[in-house]
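S.K.: Dropping a structure here in structure tokens format, bear with me for questions.
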Amino acid sequence: VKEIGKPERAVITTCAYCGVGCTFRAEMRGEQLVRMVPWKDGKANHGHSCVKGRFAWGYANHQDRITSPMIREHIDQPWREVSWDEALAFTAGRLQSIKAQYGARALGGITSSRCTNEETFLVQKLVRAGFGSNNVDTCARVCHSPTGYGLKTTFGTSAGTQDFDSVDQSDVILVIGANPTDAHPVFASRMKRRLRQGAKLIVIDPRRIDLVRMPHVEAAHHLPLQPGTNVAVLTAMAHVIVGEGLADEAFIRERCDWDEYQDWARFVSEPRHSPEVLAAVTRVPAVELRAAARLFATGGNGAIYYGLGVTEHSQGSSTVMAIANLAMVTGNIGRRGVGVNPLRGQNNVQGACDMGSFPHELSGYRHISDGDARALFEADWRVALDPEPGLRIPNMLDAAMDGSFRALYVQGEDILQSDPNTKHVAAGLKAMDCVIVHDLFLNETADYAHVFLPGSTFLEKTGTFTNAERRIQMVRKVMEPANGMEDWQVTQALANAMGLDWDYANSSEIMDEIARLTPSFAGVSHQRLDQAGSLQWPINAAAPDGSPIMHVDGFVRGKGKFVVTDYVPTDEKTGPRFPLLLTTGRILSQYNVGAQTRRTGNTVWHPEDLLEMHPTDAENRGLKDGDWTRLASRTGETTLRVLVTDRVAPGVVYTTFHHPATQANVVTTEYSDWATNCPEYKVTAVQVMPSNGP
Ligand code: SF4
């Protein structure tokens, strides 16, 4: 860290990396950021932070930042720097001509979990009210869309049930498909403190993540399941709980639909769902499945935390509902120390989902076919809305290939690198007439763009982020935008270039509109956030001070809904050609596709993507630590070095996806969650062979 002198002023703002939502004191000297100090009064971090939030902000001033708009007629031409006026006129002209020729449904947009609530709200408003379609989606499509579906179906709302502080009252902590020490470090420290105090830990994960065995913390049970078998593990646990009379029937009778519970209980009690039978599928010994189930049902307050190892599967939504079933059958909902808690990956993925970024939902998760909800927006926006749900990201790409989808506005996401089956994404983008990338850097998606609109960093804007515990916090501008405009101003300028008449003077006015149109945000304003520090939705007449814990007296949907979740093996199979299963994840010193961390000076942020492989599998292939390998699937292949480790089980390999040179998603498949199309990143049949390098 380069110290450039004592700070002259400080601004309290919120980290732009993960869903923990740590707040910081950004200390400034003139227009230069001197350092980021974790804020002692931060409600999510209580004065703590991880290295990313504290030190990895150098990308904000990186030489790769693009600060002038650029356009080009065709993607094989060089970029041409132009004024904002010319860029906006060019873009609006293209969008309008596509709309006139092919109709409103030929246009769409993608909102960003990196951007503020106010910015994502405006992008979906531009798509619905300006483009005239519901073709709006968000990067949650590839991470937590099954959380949205699963928790809304079972509990009635698409969000985690607890605040972070609640873990202090947990007696049993069940972590499934998440690696908090790498991906959510500040909350992981909180969790470890509780474990050191005596809480018991169950880890369900194919890898021996750090939590399984850390100093002073050891999992009571680690269930190293075969990738793709989450539902089978959870069903086996439910079989034990129901079969051994451990269900909390008093809670279920009072809070849940009893008939649905009985149907579900009969289902999980079938002999085919016993741990002894499902051990063959999950590769977890029956004795371990039984012991974990008994501990969770009888160990006191049981809290479940999960991540993308749950959602990014062909049965992602089923797994989320199976988790909800497990919480309900044990009565672990509606008080401190319990609950179902998705650990959101990106800083504002919760907020992007809340703000109406899905093609079927307006802000606050109201279905677009709901005439009353639509009428509220139509009256406020003075425009008629399409009552039909729009296209999801994969459907937009498919429609581009048949010529019915022709223009895409992408704010703050690199879909070429982050979405599955890279070749298909590239082909879809290439087929479009107008791709607009609104970002900090010329990312991989921009190779296929006709317009580049420079974006602003979290240090250059004012608005709000919502973290994994539904906590809405202010993001405050600490320096002027390098491009002259905050992202919401760019979207507003584009809307007005298309003939709309928007006149927001600041992002506070956008939040006022969100509050007016979104019941769960009714009590939110920037002024109130400035006074309170943060607020947890729902915040409205029924919950004037916000809601740290949800479903306290009843579920949002009324009665909790047990859903039968039958285990269905993924279509992705190993075989002689591809005998190993690849799963992917994140490490502490890198962040997703690395757009920020790769552009932060210290090389500690630049570790290469490595392929973790069990010693037995490595020996069978004549591989040793550091050797180059060719990683191939039926979709594609890439080259990377091997890391020989028993963190992964035999037959399983693991890598990260941070570097464009590696492009791990070249090998991932087209399979996706049955309900939401969330890609199945976590299960790909692969072969690994020695290689001479790239
Ligand atoms: Fe930022 Fe997450 Fe680290 Fe907190 S834990 S500093 S929110 S990356």
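Just remember, in the structure tokens the first chain shown is A, the second B, etc., residues are 1-based per chain, and ligands are 1-based in the order shown.
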Residues near segment 573-589 of chain A, anyone? I mean within 8 Å using only C-alpha atoms, not counting same-chain ones fewer than 5 positions away, as number ranges by chain.
M.R.: A: 51-52, 181-183, 185, 227, 597, 604-607, 632-634, 651-657, 681-688
S.K.: Could you save those same residues with C-alpha atoms as a tab-separated table (two decimals), in the first residue's frame?
M.R.:
```
chain	number	residue	atom	x	y	z
A	51	VAL	CA	-7.81	-8.04	2.83
A	52	LYS	CA	-9.84	-7.44	-0.32
A	181	THR	CA	-13.33	-18.46	4.92
A	182	ASP	CA	-12.44	-17.66	1.30
A	183	ALA	CA	-15.63	-16.13	-0.02
A	185	PRO	CA	-14.17	-13.95	5.34
A	227	PRO	CA	-20.70	-33.35	-6.77
A	597	THR	CA	-8.50	-7.90	-8.35
A	604	VAL	CA	-0.78	-11.06	-4.20
A	605	TRP	CA	-4.05	-10.42	-6.05
A	606	HIS	CA	-2.91	-12.24	-9.19
A	607	PRO	CA	-2.60	-15.94	-8.38
A	632	ALA	CA	-10.97	-31.13	-21.44
A	633	SER	CA	-14.72	-31.69	-21.45
A	634	ARG	CA	-17.10	-32.43	-24.29
A	651	GLY	CA	-12.39	-38.57	-8.93
A	652	VAL	CA	-13.01	-34.86	-8.26
A	653	VAL	CA	-10.98	-31.88	-9.54
A	654	TYR	CA	-11.47	-28.23	-8.70
A	655	THR	CA	-10.43	-24.88	-10.14
A	656	THR	CA	-11.14	-21.16	-10.03
A	657	PHE	CA	-12.20	-19.02	-13.00
A	681	TYR	CA	-21.02	-24.85	-13.00
A	682	LYS	CA	-20.38	-27.30	-10.19
A	683	VAL	CA	-20.55	-30.55	-12.16
A	684	THR	CA	-18.64	-31.10	-15.40
A	685	ALA	CA	-17.27	-34.44	-16.57
A	686	VAL	CA	-13.66	-33.89	-17.61
A	687	GLN	CA	-10.42	-35.57	-18.49
A	688	VAL	CA	-7.05	-34.24	-17.34
```
S.K.: Find the residues near ligand 1. Use a cut-off of 6 Å, count only C-alpha atoms and all ligand atoms, and write them as a PDB file with N, CA and C atoms, in the first residue's frame.
M.R.:
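Contents of pocket.pdb, freshly written:
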```pdb
ATOM      1  N   CYS A  15     -18.147  -1.669   1.209  1.00  0.00           N
ATOM      2  CA  CYS A  15     -17.262  -2.464   0.340  1.00  0.00           C
ATOM      3  C   CYS A  15     -18.005  -2.912  -0.915  1.00  0.00           C
ATOM      4  N   TYR A  17     -17.038  -5.589  -2.763  1.00  0.00           N
ATOM      5  CA  TYR A  17     -16.703  -6.971  -3.127  1.00  0.00           C
ATOM      6  C   TYR A  17     -17.830  -7.936  -2.753  1.00  0.00           C
ATOM      7  N   CYS A  18     -17.801  -8.504  -1.556  1.00  0.00           N
ATOM      8  CA  CYS A  18     -18.730  -9.617  -1.333  1.00  0.00           C
ATOM      9  C   CYS A  18     -19.997  -9.200  -0.589  1.00  0.00           C
ATOM     10  N   GLY A  19     -20.897 -10.177  -0.427  1.00  0.00           N
ATOM     11  CA  GLY A  19     -22.211  -9.913   0.157  1.00  0.00           C
ATOM     12  C   GLY A  19     -22.227  -9.720   1.655  1.00  0.00           C
ATOM     13  N   VAL A  20     -21.051  -9.733   2.307  1.00  0.00           N
ATOM     14  CA  VAL A  20     -21.041  -9.426   3.740  1.00  0.00           C
ATOM     15  C   VAL A  20     -21.404  -7.950   3.951  1.00  0.00           C
ATOM     16  N   GLY A  21     -20.858  -7.076   3.076  1.00  0.00           N
ATOM     17  CA  GLY A  21     -21.228  -5.666   3.161  1.00  0.00           C
ATOM     18  C   GLY A  21     -20.534  -4.915   4.274  1.00  0.00           C
ATOM     19  N   CYS A  22     -19.222  -5.080   4.376  1.00  0.00           N
ATOM     20  CA  CYS A  22     -18.472  -4.350   5.412  1.00  0.00           C
ATOM     21  C   CYS A  22     -18.482  -2.859   5.086  1.00  0.00           C
ATOM     22  N   SER A  49     -12.585  -6.415   8.736  1.00  0.00           N
ATOM     23  CA  SER A  49     -12.640  -6.479   7.273  1.00  0.00           C
ATOM     24  C   SER A  49     -11.727  -7.603   6.826  1.00  0.00           C
ATOM     25  N   CYS A  50     -11.795  -7.931   5.548  1.00  0.00           N
ATOM     26  CA  CYS A  50     -10.808  -8.857   4.993  1.00  0.00           C
ATOM     27  C   CYS A  50      -9.848  -8.058   4.118  1.00  0.00           C
ATOM     28  N   LYS A  52      -9.348  -8.008   0.948  1.00  0.00           N
ATOM     29  CA  LYS A  52      -9.843  -7.443  -0.322  1.00  0.00           C
ATOM     30  C   LYS A  52     -10.433  -6.056  -0.102  1.00  0.00           C
ATOM     31  N   GLY A  53     -11.361  -5.980   0.840  1.00  0.00           N
ATOM     32  CA  GLY A  53     -12.006  -4.692   1.073  1.00  0.00           C
ATOM     33  C   GLY A  53     -11.028  -3.627   1.533  1.00  0.00           C
ATOM     34  N   HIS A 184     -16.474 -15.316   2.122  1.00  0.00           N
ATOM     35  CA  HIS A 184     -17.150 -14.363   3.023  1.00  0.00           C
ATOM     36  C   HIS A 184     -16.354 -14.264   4.319  1.00  0.00           C
ATOM     37  N   PRO A 185     -15.111 -13.785   4.229  1.00  0.00           N
ATOM     38  CA  PRO A 185     -14.166 -13.951   5.338  1.00  0.00           C
ATOM     39  C   PRO A 185     -14.613 -13.309   6.648  1.00  0.00           C
ATOM     40  N   VAL A 186     -15.213 -12.150   6.596  1.00  0.00           N
ATOM     41  CA  VAL A 186     -15.568 -11.479   7.851  1.00  0.00           C
ATOM     42  C   VAL A 186     -16.685 -12.240   8.564  1.00  0.00           C
TER      43      VAL A 186
END
```
S.K.: Could you give me, as a VMD selection string, the residues within 12 Å of Val349 of chain A, counting only C-alpha atoms and dropping anything in the same chain fewer than 5 positions from it?
M.R.: chain A and resid 16 to 21 111 to 117 120 137 to 145 147 to 148 158 to 159 342 to 344 354 to 358 465 to 472
S.K.: Would you work out the distance separating atom CA of Cys434 of chain A from atom CA of Phe405 of chain A, expressed in Å to one decimal?
M.R.: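 Distance between the two atoms: 10.1 Å.
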S.K.: Pick from A:Arg406, A:His614, A:His526, A:His424: nearest to Gln96 of chain A, with only C-alpha atoms counted?
M.R.: A:Arg406
S.K.: Write out as a list in words the residues lying within 10 Å of Trp57 of chain A, counting only C-alpha atoms and excluding same-chain residues fewer than 2 positions away.
M.R.: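 In the requested form, the answer reads Cys15, Ala16, Tyr17, Leu33, Arg35, Met36, Lys52, Gly53, Arg54, Phe55, Tyr59, Ala60, Asn61, His62, Thr457, Phe458, Leu459, Gln596, Thr597, Arg599, Thr600 and Gly601 of chain A.
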S.K.: Could you give me, as a VMD selection string, each residue of segment 262-434 of chain A that DSSP assigns to alpha helix (DSSP H) when run on this structure's backbone?
M.R.: chain A and resid 262 to 269 275 to 282 286 to 298 308 to 311 316 to 329 349 to 354 371 to 381 393 to 401 415 to 418 422 to 430
S.K.: I'd like the interatomic distance between atom CA of Tyr102 of chain A and atom CA of Asp501 of chain A, to a tenth of an Å.
M.R.: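 Separation between atom CA of Tyr102 of chain A and atom CA of Asp501 of chain A: 23.8 Å.
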S.K.: Leaving out segment 446-450 of chain A and any residue of its chain fewer than 5 positions from it, which residues lie within 12 Å of it when counting only C-alpha atoms, given as a ChimeraX atom specification?
M.R.: /A:66,69-81,87,90-91,94-95,407-417,425-441
S.K.: Restricting it to C-alpha atoms, dump the selection as a PDB file, in the first residue's frame.
M.R.:
```pdb
ATOM      1  CA  ILE A  66     -11.812   3.626 -19.973  1.00  0.00           C
ATOM      2  CA  PRO A  69     -17.401   6.639 -24.588  1.00  0.00           C
ATOM      3  CA  MET A  70     -16.491   4.653 -27.702  1.00  0.00           C
ATOM      4  CA  ILE A  71     -18.485   3.401 -30.662  1.00  0.00           C
ATOM      5  CA  ARG A  72     -17.962   1.365 -33.827  1.00  0.00           C
ATOM      6  CA  GLU A  73     -20.282   0.332 -36.666  1.00  0.00           C
ATOM      7  CA  HIS A  74     -19.084  -3.294 -36.717  1.00  0.00           C
ATOM      8  CA  ILE A  75     -17.248  -5.377 -34.146  1.00  0.00           C
ATOM      9  CA  ASP A  76     -14.347  -6.003 -36.526  1.00  0.00           C
ATOM     10  CA  GLN A  77     -13.608  -2.262 -36.678  1.00  0.00           C
ATOM     11  CA  PRO A  78     -11.389  -0.369 -34.208  1.00  0.00           C
ATOM     12  CA  TRP A  79     -13.058   1.630 -31.443  1.00  0.00           C
ATOM     13  CA  ARG A  80     -13.594   5.355 -31.997  1.00  0.00           C
ATOM     14  CA  GLU A  81     -13.565   7.688 -28.978  1.00  0.00           C
ATOM     15  CA  ALA A  87     -22.302   8.003 -28.162  1.00  0.00           C
ATOM     16  CA  PHE A  90     -25.620   6.594 -31.871  1.00  0.00           C
ATOM     17  CA  THR A  91     -26.859   4.117 -29.255  1.00  0.00           C
ATOM     18  CA  ARG A  94     -29.593   1.882 -33.137  1.00  0.00           C
ATOM     19  CA  LEU A  95     -31.956   0.773 -30.387  1.00  0.00           C
ATOM     20  CA  ALA A 407     -29.839  -5.597 -28.953  1.00  0.00           C
ATOM     21  CA  LEU A 408     -28.422  -5.955 -25.438  1.00  0.00           C
ATOM     22  CA  TYR A 409     -27.409  -3.352 -22.819  1.00  0.00           C
ATOM     23  CA  VAL A 410     -25.003  -4.965 -20.294  1.00  0.00           C
ATOM     24  CA  GLN A 411     -24.160  -2.973 -17.194  1.00  0.00           C
ATOM     25  CA  GLY A 412     -21.249  -4.146 -15.045  1.00  0.00           C
ATOM     26  CA  GLU A 413     -21.043  -7.779 -16.040  1.00  0.00           C
ATOM     27  CA  ASP A 414     -18.662  -9.739 -18.244  1.00  0.00           C
ATOM     28  CA  ILE A 415     -20.992 -12.430 -19.526  1.00  0.00           C
ATOM     29  CA  LEU A 416     -18.430 -13.827 -21.941  1.00  0.00           C
ATOM     30  CA  GLN A 417     -16.186 -14.826 -19.064  1.00  0.00           C
ATOM     31  CA  VAL A 425     -22.178 -16.834 -25.463  1.00  0.00           C
ATOM     32  CA  ALA A 426     -19.758 -15.483 -28.090  1.00  0.00           C
ATOM     33  CA  ALA A 427     -21.926 -16.734 -30.946  1.00  0.00           C
ATOM     34  CA  GLY A 428     -25.033 -15.153 -29.425  1.00  0.00           C
ATOM     35  CA  LEU A 429     -23.335 -11.786 -28.902  1.00  0.00           C
ATOM     36  CA  LYS A 430     -21.854 -11.858 -32.385  1.00  0.00           C
ATOM     37  CA  ALA A 431     -25.290 -12.375 -33.894  1.00  0.00           C
ATOM     38  CA  MET A 432     -26.685  -9.162 -32.345  1.00  0.00           C
ATOM     39  CA  ASP A 433     -26.888  -5.781 -34.104  1.00  0.00           C
ATOM     40  CA  CYS A 434     -26.220  -3.679 -31.025  1.00  0.00           C
ATOM     41  CA  VAL A 435     -24.309  -4.717 -27.921  1.00  0.00           C
ATOM     42  CA  ILE A 436     -23.761  -1.936 -25.370  1.00  0.00           C
ATOM     43  CA  VAL A 437     -21.199  -2.581 -22.642  1.00  0.00           C
ATOM     44  CA  HIS A 438     -21.343  -0.160 -19.684  1.00  0.00           C
ATOM     45  CA  ASP A 439     -18.303  -0.988 -17.558  1.00  0.00           C
ATOM     46  CA  LEU A 440     -15.041   0.171 -16.029  1.00  0.00           C
ATOM     47  CA  PHE A 441     -12.823  -1.782 -18.398  1.00  0.00           C
TER      48      PHE A 441
END
```
S.K.: Just checking: using only C-alpha atoms, which residue out of A:Glu288, A:Glu572, A:Asp85, A:Glu119 ends up closest to Gln489 of chain A?
M.R.: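 Smallest distance to Gln489 of chain A is found for A:Glu119.
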S.K.: What are the DSSP strand (DSSP E) residues of segment 368-502 of chain A, as a list in words?
M.R.: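 Going through segment 368-502 of chain A, the strand (DSSP E) residues come out as Ala407, Leu408, Tyr409, Val410, Gln411, Cys434, Val435, Ile436, Val437, His438, Asp439, Val451, Phe452, Leu453, Pro454, Gly463, Thr464, Phe465, Thr466, Arg471, Ile472, Gln473, Met474 and Val475 of chain A.
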S.K.: Could you write out that same residue set with C-alpha atoms as a PDB file, in the first residue's frame?
M.R.:
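File written: part16.pdb
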```pdb
ATOM      1  CA  ALA A 407     -29.839  -5.597 -28.953  1.00  0.00           C
ATOM      2  CA  LEU A 408     -28.422  -5.955 -25.438  1.00  0.00           C
ATOM      3  CA  TYR A 409     -27.409  -3.352 -22.819  1.00  0.00           C
ATOM      4  CA  VAL A 410     -25.003  -4.965 -20.294  1.00  0.00           C
ATOM      5  CA  GLN A 411     -24.160  -2.973 -17.194  1.00  0.00           C
ATOM      6  CA  CYS A 434     -26.220  -3.679 -31.025  1.00  0.00           C
ATOM      7  CA  VAL A 435     -24.309  -4.717 -27.921  1.00  0.00           C
ATOM      8  CA  ILE A 436     -23.761  -1.936 -25.370  1.00  0.00           C
ATOM      9  CA  VAL A 437     -21.199  -2.581 -22.642  1.00  0.00           C
ATOM     10  CA  HIS A 438     -21.343  -0.160 -19.684  1.00  0.00           C
ATOM     11  CA  ASP A 439     -18.303  -0.988 -17.558  1.00  0.00           C
ATOM     12  CA  VAL A 451     -20.895   0.784 -27.914  1.00  0.00           C
ATOM     13  CA  PHE A 452     -18.739   1.142 -24.826  1.00  0.00           C
ATOM     14  CA  LEU A 453     -20.094   3.447 -22.116  1.00  0.00           C
ATOM     15  CA  PRO A 454     -17.534   4.069 -19.337  1.00  0.00           C
ATOM     16  CA  GLY A 463     -26.485   5.068  -3.592  1.00  0.00           C
ATOM     17  CA  THR A 464     -27.148   1.879  -1.644  1.00  0.00           C
ATOM     18  CA  PHE A 465     -26.086  -1.780  -1.554  1.00  0.00           C
ATOM     19  CA  THR A 466     -28.088  -4.544   0.144  1.00  0.00           C
ATOM     20  CA  ARG A 471     -29.191  -4.859   5.177  1.00  0.00           C
ATOM     21  CA  ILE A 472     -29.431  -1.707   3.068  1.00  0.00           C
ATOM     22  CA  GLN A 473     -26.372   0.523   3.489  1.00  0.00           C
ATOM     23  CA  MET A 474     -25.187   3.762   1.940  1.00  0.00           C
ATOM     24  CA  VAL A 475     -22.419   3.874  -0.641  1.00  0.00           C
TER      25      VAL A 475
END
```
S.K.: Excluding segment 247-264 of chain A and its own-chain neighbours fewer than 2 positions away, which residues fall within 8 Å of it when counting only C-alpha atoms? Please give them as a PyMOL selection string.
M.R.: chain A and resi 241-242+245+266-268+297+328-331+554-555+559-564
S.K.: How would the residues just chosen look if you wrote them out with C-alpha atoms as a PDB file, in the first residue's frame?
M.R.:
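As written to disk, part.pdb reads:
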```pdb
ATOM      1  CA  ILE A 241     -35.242 -37.161  11.217  1.00  0.00           C
ATOM      2  CA  VAL A 242     -38.757 -38.312  10.304  1.00  0.00           C
ATOM      3  CA  GLY A 245     -39.301 -39.282  15.489  1.00  0.00           C
ATOM      4  CA  ARG A 266     -44.205 -40.125   3.448  1.00  0.00           C
ATOM      5  CA  PHE A 267     -41.907 -39.363   0.524  1.00  0.00           C
ATOM      6  CA  VAL A 268     -38.695 -39.026   2.533  1.00  0.00           C
ATOM      7  CA  ALA A 297     -32.341 -32.215  14.771  1.00  0.00           C
ATOM      8  CA  MET A 328     -38.968 -26.462   8.906  1.00  0.00           C
ATOM      9  CA  VAL A 329     -39.011 -30.117   9.947  1.00  0.00           C
ATOM     10  CA  THR A 330     -36.620 -29.302  12.799  1.00  0.00           C
ATOM     11  CA  GLY A 331     -38.423 -26.064  13.766  1.00  0.00           C
ATOM     12  CA  GLY A 554     -45.721 -16.664  10.497  1.00  0.00           C
ATOM     13  CA  PHE A 555     -44.198 -17.183   7.087  1.00  0.00           C
ATOM     14  CA  LYS A 559     -48.083 -21.435   6.105  1.00  0.00           C
ATOM     15  CA  GLY A 560     -44.619 -22.806   5.394  1.00  0.00           C
ATOM     16  CA  LYS A 561     -44.704 -25.082   2.380  1.00  0.00           C
ATOM     17  CA  PHE A 562     -42.978 -28.479   2.361  1.00  0.00           C
ATOM     18  CA  VAL A 563     -42.030 -29.356  -1.211  1.00  0.00           C
ATOM     19  CA  VAL A 564     -41.233 -32.883  -2.328  1.00  0.00           C
TER      20      VAL A 564
END
```
S.K.: Skipping near chain neighbours, those fewer than 6 positions away, what residues fall within 12 Å of Glu276 of chain A using only C-alpha atoms, listed as a JSON list (two decimals) with N, CA and C atoms, in the first residue's frame?
M.R.:
```json
[["chain", "number", "residue", "atom", "x", "y", "z"],
["A", 232, "ALA", "N", -29.82, -35.64, -2.62],
["A", 232, "ALA", "CA", -29.80, -36.99, -2.04],
["A", 232, "ALA", "C", -29.32, -36.95, -0.59],
["A", 233, "VAL", "N", -28.31, -36.15, -0.29],
["A", 233, "VAL", "CA", -27.82, -36.03, 1.09],
["A", 233, "VAL", "C", -28.91, -35.47, 1.99],
["A", 235, "THR", "N", -32.11, -35.45, 1.53],
["A", 235, "THR", "CA", -33.24, -36.38, 1.64],
["A", 235, "THR", "C", -32.91, -37.49, 2.63],
["A", 236, "ALA", "N", -31.69, -37.97, 2.59],
["A", 236, "ALA", "CA", -31.29, -39.02, 3.54],
["A", 236, "ALA", "C", -31.36, -38.48, 4.97],
["A", 237, "MET", "N", -30.92, -37.24, 5.18],
["A", 237, "MET", "CA", -31.00, -36.66, 6.52],
["A", 237, "MET", "C", -32.46, -36.52, 6.97],
["A", 239, "HIS", "N", -34.92, -38.36, 5.99],
["A", 239, "HIS", "CA", -35.39, -39.73, 6.25],
["A", 239, "HIS", "C", -35.11, -40.11, 7.70],
["A", 240, "VAL", "N", -33.92, -39.79, 8.17],
["A", 240, "VAL", "CA", -33.54, -40.13, 9.54],
["A", 240, "VAL", "C", -34.38, -39.33, 10.53],
["A", 282, "THR", "N", -24.42, -40.82, -2.96],
["A", 282, "THR", "CA", -23.72, -39.64, -2.44],
["A", 282, "THR", "C", -22.26, -39.90, -2.12],
["A", 283, "ARG", "N", -21.92, -41.18, -1.93],
["A", 283, "ARG", "CA", -20.58, -41.60, -1.49],
["A", 283, "ARG", "C", -20.27, -41.10, -0.08],
["A", 284, "VAL", "N", -21.32, -40.79, 0.68],
["A", 284, "VAL", "CA", -21.14, -40.44, 2.08],
["A", 284, "VAL", "C", -21.61, -41.65, 2.89],
["A", 285, "PRO", "N", -20.78, -42.16, 3.81],
["A", 285, "PRO", "CA", -21.18, -43.33, 4.58],
["A", 285, "PRO", "C", -22.50, -43.09, 5.32],
["A", 286, "ALA", "N", -23.33, -44.13, 5.35],
["A", 286, "ALA", "CA", -24.65, -44.00, 5.99],
["A", 286, "ALA", "C", -24.52, -43.57, 7.44],
["A", 287, "VAL", "N", -23.51, -44.06, 8.11],
["A", 287, "VAL", "CA", -23.35, -43.73, 9.53],
["A", 287, "VAL", "C", -23.13, -42.23, 9.71],
["A", 288, "GLU", "N", -22.44, -41.61, 8.76],
["A", 288, "GLU", "CA", -22.19, -40.16, 8.83],
["A", 288, "GLU", "C", -23.48, -39.39, 8.54],
["A", 289, "LEU", "N", -24.23, -39.86, 7.54],
["A", 289, "LEU", "CA", -25.50, -39.21, 7.22],
["A", 289, "LEU", "C", -26.44, -39.25, 8.43],
["A", 290, "ARG", "N", -26.50, -40.39, 9.07],
["A", 290, "ARG", "CA", -27.38, -40.53, 10.25],
["A", 290, "ARG", "C", -26.91, -39.63, 11.39]]
```
S.K.: Considering only C-alpha atoms, state which residue in the set A:Glu388, A:Glu361, A:Asp487, A:Glu270 is at the smallest distance from Ala238 of chain A.
M.R.: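 Of A:Glu388, A:Glu361, A:Asp487, A:Glu270, the one nearest Ala238 of chain A, counting only C-alpha atoms, is A:Glu270.
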S.K.: Could you state the separation of atom CA of Leu122 of chain A and atom CA of Trp488 of chain A in Å, given to one decimal place?
M.R.: 6.8 Å
S.K.: Please report as a tab-separated table every residue of segment 69-188 of chain A lying within 10 Å of segment 199-223 of chain A, along with the nearest atom pair and their distance in Å (one decimal), using only C-alpha atoms.
M.R.:
```
residue	atom	partner	partner_atom	distance
A:Val167	CA	A:Ala199	CA	9.7
A:Asp168	CA	A:Ala199	CA	9.2
A:Gln169	CA	A:Ala199	CA	8.9
A:Ser170	CA	A:Ala199	CA	6.7
A:Asp171	CA	A:Ala199	CA	4.5
A:Val172	CA	A:Lys200	CA	4.7
A:Ile173	CA	A:Leu201	CA	4.9
A:Leu174	CA	A:Ile202	CA	4.7
A:Val175	CA	A:Val203	CA	4.9
A:Ile176	CA	A:Ile204	CA	4.6
A:Gly177	CA	A:Asp205	CA	5.4
A:Ala178	CA	A:Asp205	CA	7.5
A:Asn179	CA	A:Ile209	CA	6.3
A:Pro180	CA	A:Leu211	CA	8.1
A:Thr181	CA	A:Asp210	CA	6.9
A:Asp182	CA	A:Asp210	CA	8.5
A:Ala188	CA	A:Leu211	CA	8.7
```
S.K.: Go through A:Gly371, A:Gly58, A:Pro359, A:Gly636 and flag the residue nearest Leu391 of chain A, using only C-alpha atoms for the distances.
M.R.: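 Comparing A:Gly371, A:Gly58, A:Pro359, A:Gly636 against Leu391 of chain A, the winner is A:Pro359.
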